[in-house]
$ cat start36.csv   # CSV, C-alpha atoms
chain,number,residue,atom,x,y,z
S,1,MET,CA,-82.3,121.6,126.2
S,2,ARG,CA,-80.8,123.8,123.5
S,3,VAL,CA,-77.4,123.8,125.2
S,4,LEU,CA,-77.2,120.0,125.3
S,5,PHE,CA,-78.3,119.6,121.7
S,6,THR,CA,-75.7,122.2,120.6
S,7,ALA,CA,-73.0,120.3,122.5
S,8,SER,CA,-74.0,117.0,121.0
S,9,ALA,CA,-73.9,118.6,117.5
S,10,ILE,CA,-70.4,119.9,118.1
S,11,LEU,CA,-69.3,116.5,119.4
S,12,LEU,CA,-70.7,114.7,116.3
S,13,ALA,CA,-68.7,117.1,114.1
S,14,GLY,CA,-65.5,116.3,116.1
S,15,LEU,CA,-66.1,112.5,115.9
S,16,ALA,CA,-66.2,112.8,112.1
S,17,THR,CA,-62.7,114.3,111.9
S,18,ALA,CA,-60.4,112.1,109.8
S,19,ASP,CA,-56.7,111.7,110.2
S,20,THR,CA,-53.9,109.3,109.1
S,21,ILE,CA,-51.3,107.0,110.7
S,22,ALA,CA,-48.4,105.4,108.8
S,23,PRO,CA,-45.8,102.8,110.0
S,24,ASN,CA,-42.4,104.4,109.9
S,25,ILE,CA,-40.3,101.8,108.0
S,26,GLY,CA,-37.3,104.0,107.3
S,27,VAL,CA,-36.1,105.4,104.0
S,28,GLU,CA,-37.2,103.9,100.7
S,29,ASP,CA,-34.6,102.1,98.7
S,30,ALA,CA,-34.0,104.2,95.7
S,31,VAL,CA,-32.2,101.4,93.8
S,32,THR,CA,-35.0,98.9,93.7
S,33,SER,CA,-38.1,99.4,91.5
S,34,GLY,CA,-40.6,98.8,94.2
S,35,LEU,CA,-43.3,96.2,94.6
S,36,ASN,CA,-46.1,95.4,92.1
S,37,THR,CA,-47.9,92.8,94.2
S,38,PRO,CA,-50.6,95.0,95.9
S,39,LEU,CA,-52.3,96.2,92.7
S,40,ARG,CA,-51.3,93.5,90.3
S,41,ASN,CA,-52.7,92.4,87.0
S,42,ALA,CA,-52.5,88.8,88.2
S,43,ASP,CA,-53.9,87.0,91.3
S,44,ARG,CA,-51.7,87.5,94.3
S,45,THR,CA,-51.6,87.2,98.1
S,46,TYR,CA,-49.5,89.5,100.3
S,47,GLN,CA,-48.8,89.9,104.0
S,48,ALA,CA,-46.7,92.5,105.9
S,49,TYR,CA,-45.8,92.8,109.5
S,50,TYR,CA,-45.3,96.3,111.1
S,51,SER,CA,-44.0,96.2,114.7
S,52,THR,CA,-45.1,98.4,117.5
S,53,SER,CA,-42.0,100.6,117.2
S,54,THR,CA,-43.0,101.6,113.6
S,55,PHE,CA,-46.1,103.4,114.9
S,56,THR,CA,-45.0,106.6,116.6
S,57,GLY,CA,-47.2,109.4,117.8
S,58,VAL,CA,-50.3,107.2,118.3
S,59,THR,CA,-51.5,108.3,121.8
S,60,ALA,CA,-55.1,107.3,121.7
S,61,PRO,CA,-57.2,104.5,120.0
S,62,VAL,CA,-58.2,105.2,116.4
S,63,THR,CA,-60.5,103.5,114.0
S,64,ILE,CA,-58.8,102.5,110.7
S,65,THR,CA,-61.3,103.2,107.9
S,66,GLY,CA,-59.1,102.8,104.7
S,67,MET,CA,-55.6,102.7,103.3
S,68,GLN,CA,-53.4,104.4,100.7
S,69,LEU,CA,-50.4,103.3,98.8
S,70,ARG,CA,-48.0,105.4,96.6
S,71,LEU,CA,-45.9,104.8,93.6
S,72,ALA,CA,-42.3,103.8,94.0
S,73,ILE,CA,-39.8,106.6,94.4
S,74,GLY,CA,-38.8,108.7,91.4
S,75,GLU,CA,-38.9,107.0,88.1
S,76,ASN,CA,-38.8,103.5,89.6
S,77,TRP,CA,-42.6,103.1,89.5
S,78,ARG,CA,-42.7,103.3,85.7
S,79,PRO,CA,-42.8,100.1,83.7
S,80,ALA,CA,-40.9,99.9,80.5
S,81,GLY,CA,-42.9,101.6,77.7
S,82,TYR,CA,-45.2,103.5,79.9
S,83,VAL,CA,-45.9,107.1,79.0
S,84,GLY,CA,-47.4,109.5,81.5
S,85,SER,CA,-46.9,110.9,85.0
S,86,SER,CA,-49.7,109.1,86.8
S,87,TRP,CA,-51.1,105.5,87.0
S,88,PRO,CA,-53.2,103.8,85.7
S,89,ASP,CA,-53.9,105.4,82.3
S,90,SER,CA,-57.4,103.9,82.3
S,91,ALA,CA,-59.7,102.5,85.0
S,92,ILE,CA,-59.0,99.1,86.3
S,93,THR,CA,-61.3,96.7,88.2
S,94,PHE,CA,-60.4,93.8,90.6
S,95,SER,CA,-63.2,91.3,90.9
S,96,ASP,CA,-62.1,90.7,94.4
S,97,TYR,CA,-59.8,92.7,96.6
S,98,THR,CA,-59.8,91.5,100.2
S,99,VAL,CA,-57.9,93.2,103.0
S,100,ILE,CA,-57.5,91.7,106.5
S,101,LEU,CA,-56.0,93.5,109.5
S,102,SER,CA,-54.9,92.0,112.8
S,103,LYS,CA,-52.3,92.1,115.5
S,104,ALA,CA,-49.3,89.9,115.0
S,105,SER,CA,-49.5,86.4,116.4
S,106,ALA,CA,-47.4,85.7,119.5
S,107,GLN,CA,-45.0,83.6,117.6
S,108,LEU,CA,-44.4,86.2,114.8
S,109,ARG,CA,-43.9,88.8,117.5
S,110,SER,CA,-41.4,86.6,119.2
S,111,ASP,CA,-39.5,85.7,116.1
S,112,GLY,CA,-39.5,89.3,114.8
S,113,GLU,CA,-39.8,88.2,111.2
S,114,PHE,CA,-41.2,85.5,109.0
S,115,LEU,CA,-38.7,82.7,109.4
S,116,SER,CA,-39.9,80.6,106.4
S,117,GLY,CA,-40.9,81.7,102.9
S,118,THR,CA,-43.6,79.0,103.0
S,119,SER,CA,-45.3,80.2,106.1
S,120,ALA,CA,-49.1,80.0,106.1
S,121,PHE,CA,-50.6,83.5,106.0
S,122,SER,CA,-52.7,82.5,109.1
S,123,PHE,CA,-49.4,82.0,111.0
S,124,GLY,CA,-48.8,85.7,111.3
S,125,GLN,CA,-52.3,86.7,112.4
S,126,ASP,CA,-53.6,87.0,115.9
S,127,VAL,CA,-56.9,85.1,115.7
S,128,ALA,CA,-58.7,87.2,118.3
S,129,THR,CA,-58.1,90.4,116.4
S,130,LYS,CA,-58.3,89.1,112.8
S,131,THR,CA,-60.7,91.3,110.9
S,132,THR,CA,-61.7,91.3,107.2
S,133,VAL,CA,-62.0,95.0,106.7
S,134,ARG,CA,-63.0,94.8,103.0
S,135,THR,CA,-63.8,92.2,100.4
S,136,GLY,CA,-65.4,92.2,97.0
S,137,ALA,CA,-64.8,94.2,93.8
S,138,LEU,CA,-62.6,97.3,93.7
S,139,THR,CA,-62.3,99.8,90.9
S,140,LEU,CA,-59.5,102.4,90.6
S,141,ASN,CA,-60.1,105.3,88.3
S,142,ALA,CA,-57.5,106.5,85.8
S,143,ASN,CA,-54.8,108.7,87.4
S,144,SER,CA,-55.5,107.4,90.9
S,145,PHE,CA,-51.7,107.6,91.6
S,146,GLN,CA,-49.7,110.7,90.9
S,147,ALA,CA,-45.9,110.6,90.2
S,148,ASP,CA,-45.5,114.1,91.6
S,149,GLY,CA,-42.2,113.6,93.4
S,150,GLY,CA,-40.0,114.4,90.5
S,151,LEU,CA,-37.2,112.2,89.0
S,152,THR,CA,-35.8,111.2,92.4
S,153,GLY,CA,-38.3,112.1,95.2
S,154,ALA,CA,-41.1,110.3,96.9
S,155,HIS,CA,-44.6,110.6,95.5
S,156,SER,CA,-47.8,111.5,97.2
S,157,PHE,CA,-50.1,108.8,98.5
S,158,GLY,CA,-52.8,107.8,96.0
S,159,ALA,CA,-56.4,106.9,96.0
S,160,THR,CA,-57.9,105.6,99.3
S,161,ILE,CA,-59.0,102.0,99.4
S,162,ASN,CA,-62.0,102.3,101.7
S,163,PHE,CA,-62.9,99.6,104.2
S,164,SER,CA,-66.4,98.5,104.9
S,165,THR,CA,-65.6,97.2,108.4
S,166,ASN,CA,-63.6,99.3,110.8
S,167,TYR,CA,-60.6,98.2,112.8
S,168,VAL,CA,-59.7,99.8,116.1
S,169,PHE,CA,-55.9,100.3,116.6
S,170,HIS,CA,-54.6,101.1,120.1
S,171,PRO,CA,-51.4,102.7,121.2
S,172,GLY,CA,-48.7,100.0,121.5
S,173,ASP,CA,-50.3,97.7,118.9
S,174,ASP,CA,-48.4,96.1,116.1
S,175,LEU,CA,-50.2,95.4,112.8
S,176,VAL,CA,-50.3,92.7,110.2
S,177,LEU,CA,-51.7,93.7,106.8
S,178,THR,CA,-52.9,90.9,104.5
S,179,ILE,CA,-54.2,91.4,101.0
S,180,GLY,CA,-55.7,88.8,98.6
S,181,LEU,CA,-56.6,90.0,95.1
S,182,ASN,CA,-57.8,88.9,91.8
S,183,GLY,CA,-55.7,90.7,89.2
S,184,TYR,CA,-57.2,93.4,87.0
S,185,GLY,CA,-56.5,91.1,84.0
S,186,SER,CA,-54.8,93.3,81.5
S,187,THR,CA,-51.1,92.6,80.6
S,188,SER,CA,-50.7,95.5,78.2
S,189,THR,CA,-52.9,98.5,79.1
S,190,PRO,CA,-52.5,99.7,81.7
S,191,LEU,CA,-49.0,98.4,82.2
S,192,GLN,CA,-48.1,97.2,85.7
S,193,ALA,CA,-46.8,99.9,88.0
S,194,PHE,CA,-44.5,99.5,91.0
S,195,PHE,CA,-45.4,100.7,94.5
S,196,ALA,CA,-43.2,102.1,97.3
S,197,SER,CA,-41.7,99.5,99.5
S,198,GLY,CA,-38.7,99.3,101.9
S,199,ASP,CA,-36.2,96.7,103.1
S,200,PHE,CA,-37.3,94.3,105.7
S,201,ALA,CA,-35.6,94.5,109.1
S,202,ASN,CA,-35.6,91.8,111.8
S,203,GLY,CA,-38.1,92.6,114.6
S,204,VAL,CA,-39.5,95.7,112.8
S,205,THR,CA,-40.9,95.0,109.3
S,206,ASP,CA,-41.1,92.0,107.1
S,207,ALA,CA,-43.4,90.6,104.4
S,208,ILE,CA,-44.2,87.4,102.5
S,209,SER,CA,-46.3,86.8,99.4
S,210,SER,CA,-47.7,84.1,97.1
S,211,THR,CA,-47.7,84.0,93.3
S,212,ALA,CA,-50.1,81.0,93.5
S,213,GLY,CA,-53.1,83.2,93.4
S,214,ASN,CA,-55.6,84.8,95.8
S,215,ASN,CA,-54.9,82.3,98.5
S,216,LEU,CA,-55.6,83.8,101.9
S,217,ASN,CA,-55.9,80.3,103.5
S,218,GLY,CA,-52.8,79.0,101.9
S,219,ALA,CA,-49.0,79.5,102.2
S,220,ALA,CA,-46.6,82.0,101.0
S,221,THR,CA,-44.2,81.1,98.2
S,222,GLY,CA,-41.5,83.5,99.2
S,223,PHE,CA,-40.4,86.6,101.0
S,224,SER,CA,-41.4,90.1,99.9
S,225,ALA,CA,-40.8,93.8,100.9
S,226,PRO,CA,-42.9,95.8,103.4
S,227,LEU,CA,-45.1,98.4,101.7
S,228,PHE,CA,-45.1,102.1,102.6
S,229,VAL,CA,-48.8,102.5,103.5
S,230,GLN,CA,-50.9,105.2,105.0
S,231,PHE,CA,-54.0,104.3,107.0
S,232,GLN,CA,-57.0,106.6,107.1
S,233,THR,CA,-58.4,106.9,110.7
S,234,GLN,CA,-61.0,108.5,112.8
S,235,ALA,CA,-60.8,109.1,116.6
S,236,VAL,CA,-62.5,106.6,118.9
S,237,PRO,CA,-64.8,108.6,121.2
S,238,GLU,CA,-64.2,108.5,125.0
S,239,PRO,CA,-67.0,107.1,127.1
S,240,ALA,CA,-67.6,110.5,128.7
S,241,ALA,CA,-68.0,112.0,125.2
S,242,LEU,CA,-70.5,109.4,124.3
S,243,ALA,CA,-72.5,110.1,127.4
S,244,VAL,CA,-72.7,113.8,126.5
S,245,LEU,CA,-73.8,112.8,123.0
S,246,GLY,CA,-76.5,110.6,124.5
S,247,LEU,CA,-77.8,113.4,126.7
S,248,GLY,CA,-78.0,115.7,123.7
S,249,VAL,CA,-80.0,113.2,121.7
S,250,LEU,CA,-82.3,112.6,124.6
S,251,ALA,CA,-82.9,116.3,125.0
S,252,MET,CA,-83.7,116.6,121.3
S,253,LEU,CA,-86.3,113.9,121.6
S,254,ARG,CA,-87.9,115.5,124.6
S,255,GLY,CA,-88.0,118.8,122.8
S,256,ARG,CA,-89.8,117.2,119.9
S,257,ARG,CA,-92.4,115.6,122.2
S,258,ARG,CA,-93.2,119.0,123.8
S,259,ALA,CA,-93.6,120.6,120.4

$ encode --input "start36.csv" --output "structure tokens"
Amino acid sequence: MRVLFTASAILLAGLATADTIAPNIGVEDAVTSGLNTPLRNADRTYQAYYSTSTFTGVTAPVTITGMQLRLAIGENWRPAGYVGSSWPDSAITFSDYTVILSKASAQLRSDGEFLSGTSAFSFGQDVATKTTVRTGALTLNANSFQADGGLTGAHSFGATINFSTNYVFHPGDDLVLTIGLNGYGSTSTPLQAFFASGDFANGVTDAISSTAGNNLNGAATGFSAPLFVQFQTQAVPEPAALAVLGLGVLAMLRGRRRA
């Protein structure tokens, strides 16, 4: 009985091990200033497509539990007049920050990109896998994003935006990331920062956005750039591992009854 319980305890510890995956969208464009849409002081909607080929090294299913963004490369993240080496300089709150994950729709996958700047956000999403992984208020503390890459280098990924509903990502999957947000409201302090993004490439990465508000059921108003994003993950347990865990729990319950 003790052996089974010990094995299940070790398995539980293994299942809790966190890791990350990030779509490889190439080298960041050091000329542009990045993208301010994903953590904006005004209401916005955003959608990015990451093809299967951008996810390398994923050999087993993982559960996506959160995501991280990072400031644009070098000094390009810094808005005019901003003083400091991190962002924001004070806590900010979004009354709603909704994130949806899904596979790409068959048409988007076939097209390889968003063909129209007015495409409905629902166009790019595979209905069967569409999952609202978080919704509701989001607060980011001061200094959530560090500009630690120097004057020209890439910065570290910032605070994790945790999900309340998990999403299972399988080897060979593509991914569509959709964000709808109510802006944090301030136009002066903290000033609006820019976040790392790349150039879209046909059949690999692409993005659209809307300046018309938090409008997840509406249409984009133009093209955008794909974000550099890192997803927090946990391993999905194999059926055999779950069976061992179940035996361990059963052994523990029997041991309690005998006591």

$ residues_near_point --input "start36.csv" --point "(-56.0, 108.9, 124.3)" --cutoff "12 Å" --atoms "all atoms listed in the file" --output "count of residues only"
15

$ atom_distance --input "start36.csv" --atom1 "CA of Gly74 (chain S)" --atom2 "CA of Val27 (chain S)"
13.3 Å

$ closest_residue --input "start36.csv" --among "S:Ser33, S:Thr233, S:Thr56, S:Gln107" --to "Asp173 (chain S)" --atoms "only C-alpha atoms"
S:Thr56

$ residues_around --input "start36.csv" --residues "region 212-229 of chain S" --least-positions-apart "2" --cutoff "6 Å" --atoms "all atoms listed in the file" --output "VMD selection string"
chain S and resid 43 to 45 48 68 to 69 117 to 121 180 to 181 196 to 200 206 to 210

$ write_last_selection --input "start36.csv" --atoms "C-alpha atoms" --output "compact mmCIF listing (two decimals), in the frame of the given file"
# COMPACT_ATOMS: atom_id res chain seq x y z
CA ASP S 43 -53.90 87.00 91.30
CA ARG S 44 -51.70 87.50 94.30
CA THR S 45 -51.60 87.20 98.10
CA ALA S 48 -46.70 92.50 105.90
CA GLN S 68 -53.40 104.40 100.70
CA LEU S 69 -50.40 103.30 98.80
CA GLY S 117 -40.90 81.70 102.90
CA THR S 118 -43.60 79.00 103.00
CA SER S 119 -45.30 80.20 106.10
CA ALA S 120 -49.10 80.00 106.10
CA PHE S 121 -50.60 83.50 106.00
CA GLY S 180 -55.70 88.80 98.60
CA LEU S 181 -56.60 90.00 95.10
CA ALA S 196 -43.20 102.10 97.30
CA SER S 197 -41.70 99.50 99.50
CA GLY S 198 -38.70 99.30 101.90
CA ASP S 199 -36.20 96.70 103.10
CA PHE S 200 -37.30 94.30 105.70
CA ASP S 206 -41.10 92.00 107.10
CA ALA S 207 -43.40 90.60 104.40
CA ILE S 208 -44.20 87.40 102.50
CA SER S 209 -46.30 86.80 99.40
CA SER S 210 -47.70 84.10 97.10

$ residues_around --input "start36.csv" --residues "Thr139 (chain S)" --least-positions-apart "6" --cutoff "12 Å" --atoms "all atoms listed in the file" --output "list in words"
Leu39, Pro88, Ser90, Ala91, Ile92, Thr93, Phe94, Ser95, Asp96, Tyr97, Ala159, Thr160, Ile161, Asn162, Asn182, Gly183 and Tyr184 of chain S

$ residues_around --input "start36.csv" --residues "Gln232 (chain S)" --least-positions-apart "4" --cutoff "6 Å" --atoms "all atoms listed in the file" --output "ChimeraX atom specification"
/S:19-20,64-67

$ atom_distance --input "start36.csv" --atom1 "CA of Thr187 (chain S)" --atom2 "CA of Pro79 (chain S)"
11.6 Å

$ closest_residue --input "start36.csv" --among "S:Gln192, S:Gln125, S:Ala201, S:Asn143" --to "Pro38 (chain S)" --atoms "only C-alpha atoms"
S:Gln192

$ residues_near_point --input "start36.csv" --point "(-50.0, 111.6, 96.2)" --cutoff "12 Å" --atoms "all atoms listed in the file" --output "PyMOL selection string"
chain S and resi 68-73+85-87+143-150+153-160+195-196+229-230

$ closest_residue --input "start36.csv" --among "S:Thr205, S:Gln47, S:Thr54, S:Ser102" --to "Thr178 (chain S)" --atoms "all atoms listed in the file"
S:Gln47

$ atom_distance --input "start36.csv" --atom1 "CA of Ser116 (chain S)" --atom2 "CA of Tyr50 (chain S)"
17.3 Å

$ residues_around --input "start36.csv" --residues "Thr98 (chain S)" --least-positions-apart "6" --cutoff "8 Å" --atoms "all atoms listed in the file" --output "JSON, numbers by chain"
{"S": [132, 133, 134, 135, 136, 179, 180, 181]}

$ build_atoms --input "start36.csv" --residues "region 46-57 of chain S" --atoms "all heavy atoms" --output "CSV table (one decimal), in the frame of the given file"
chain,number,residue,atom,x,y,z
S,46,TYR,N,-50.6,88.7,99.7
S,46,TYR,CA,-49.5,89.5,100.3
S,46,TYR,C,-49.8,89.7,101.8
S,46,TYR,O,-50.9,89.9,102.2
S,46,TYR,CB,-49.4,90.8,99.6
S,46,TYR,CG,-48.4,91.8,100.3
S,46,TYR,CD1,-47.0,91.8,99.9
S,46,TYR,CD2,-48.8,92.7,101.2
S,46,TYR,CE1,-46.1,92.6,100.5
S,46,TYR,CE2,-47.9,93.6,101.8
S,46,TYR,CZ,-46.6,93.6,101.4
S,46,TYR,OH,-45.7,94.5,102.0
S,47,GLN,N,-48.7,89.7,102.6
S,47,GLN,CA,-48.8,89.9,104.0
S,47,GLN,C,-47.6,90.7,104.5
S,47,GLN,O,-46.4,90.3,104.3
S,47,GLN,CB,-49.0,88.6,104.8
S,47,GLN,CG,-49.3,88.8,106.3
S,47,GLN,CD,-49.6,87.5,107.0
S,47,GLN,OE1,-48.7,86.8,107.4
S,47,GLN,NE2,-50.9,87.1,107.0
S,48,ALA,N,-47.8,91.8,105.3
S,48,ALA,CA,-46.7,92.5,105.9
S,48,ALA,C,-46.9,92.7,107.4
S,48,ALA,O,-48.0,92.8,107.9
S,48,ALA,CB,-46.7,93.9,105.2
S,49,TYR,N,-45.8,92.7,108.1
S,49,TYR,CA,-45.8,92.8,109.5
S,49,TYR,C,-45.1,94.2,109.9
S,49,TYR,O,-44.0,94.5,109.4
S,49,TYR,CB,-45.0,91.7,110.2
S,49,TYR,CG,-44.6,91.9,111.6
S,49,TYR,CD1,-45.5,92.2,112.6
S,49,TYR,CD2,-43.2,91.9,112.0
S,49,TYR,CE1,-45.1,92.4,113.9
S,49,TYR,CE2,-42.8,92.1,113.3
S,49,TYR,CZ,-43.8,92.3,114.2
S,49,TYR,OH,-43.4,92.5,115.5
S,50,TYR,N,-45.8,95.0,110.7
S,50,TYR,CA,-45.3,96.3,111.1
S,50,TYR,C,-45.3,96.2,112.7
S,50,TYR,O,-46.4,96.1,113.3
S,50,TYR,CB,-46.2,97.4,110.6
S,50,TYR,CG,-46.3,97.5,109.1
S,50,TYR,CD1,-47.4,97.0,108.5
S,50,TYR,CD2,-45.3,98.1,108.4
S,50,TYR,CE1,-47.6,97.1,107.1
S,50,TYR,CE2,-45.4,98.1,107.0
S,50,TYR,CZ,-46.5,97.6,106.4
S,50,TYR,OH,-46.7,97.7,105.0
S,51,SER,N,-44.1,96.3,113.2
S,51,SER,CA,-44.0,96.2,114.7
S,51,SER,C,-44.5,97.4,115.4
S,51,SER,O,-44.8,98.5,114.8
S,51,SER,CB,-42.5,96.0,115.1
S,51,SER,OG,-41.8,97.2,115.0
S,52,THR,N,-44.7,97.3,116.7
S,52,THR,CA,-45.1,98.4,117.5
S,52,THR,C,-44.3,99.7,117.4
S,52,THR,O,-44.7,100.8,117.3
S,52,THR,CB,-45.1,98.0,119.0
S,52,THR,OG1,-46.0,96.9,119.2
S,52,THR,CG2,-45.5,99.2,119.9
S,53,SER,N,-42.9,99.4,117.2
S,53,SER,CA,-42.0,100.6,117.2
S,53,SER,C,-42.1,101.4,115.9
S,53,SER,O,-41.7,102.5,115.8
S,53,SER,CB,-40.6,100.0,117.3
S,53,SER,OG,-40.2,99.2,116.1
S,54,THR,N,-42.8,100.9,114.9
S,54,THR,CA,-43.0,101.6,113.6
S,54,THR,C,-44.1,102.6,113.7
S,54,THR,O,-44.3,103.5,112.8
S,54,THR,CB,-43.2,100.7,112.4
S,54,THR,OG1,-44.4,100.0,112.6
S,54,THR,CG2,-42.1,99.7,112.3
S,55,PHE,N,-45.0,102.5,114.7
S,55,PHE,CA,-46.1,103.4,114.9
S,55,PHE,C,-45.8,104.4,116.0
S,55,PHE,O,-45.9,104.2,117.2
S,55,PHE,CB,-47.4,102.7,115.2
S,55,PHE,CG,-47.9,101.8,114.1
S,55,PHE,CD1,-47.6,100.5,114.0
S,55,PHE,CD2,-48.7,102.4,113.1
S,55,PHE,CE1,-48.1,99.7,113.0
S,55,PHE,CE2,-49.1,101.6,112.0
S,55,PHE,CZ,-48.8,100.3,112.0
S,56,THR,N,-45.3,105.6,115.6
S,56,THR,CA,-45.0,106.6,116.6
S,56,THR,C,-46.0,107.7,116.5
S,56,THR,O,-46.7,108.0,115.5
S,56,THR,CB,-43.6,107.3,116.2
S,56,THR,OG1,-43.7,107.8,114.9
S,56,THR,CG2,-42.5,106.2,116.3
S,57,GLY,N,-46.3,108.3,117.7
S,57,GLY,CA,-47.2,109.4,117.8
S,57,GLY,C,-48.7,109.0,118.0
S,57,GLY,O,-49.6,109.8,118.0
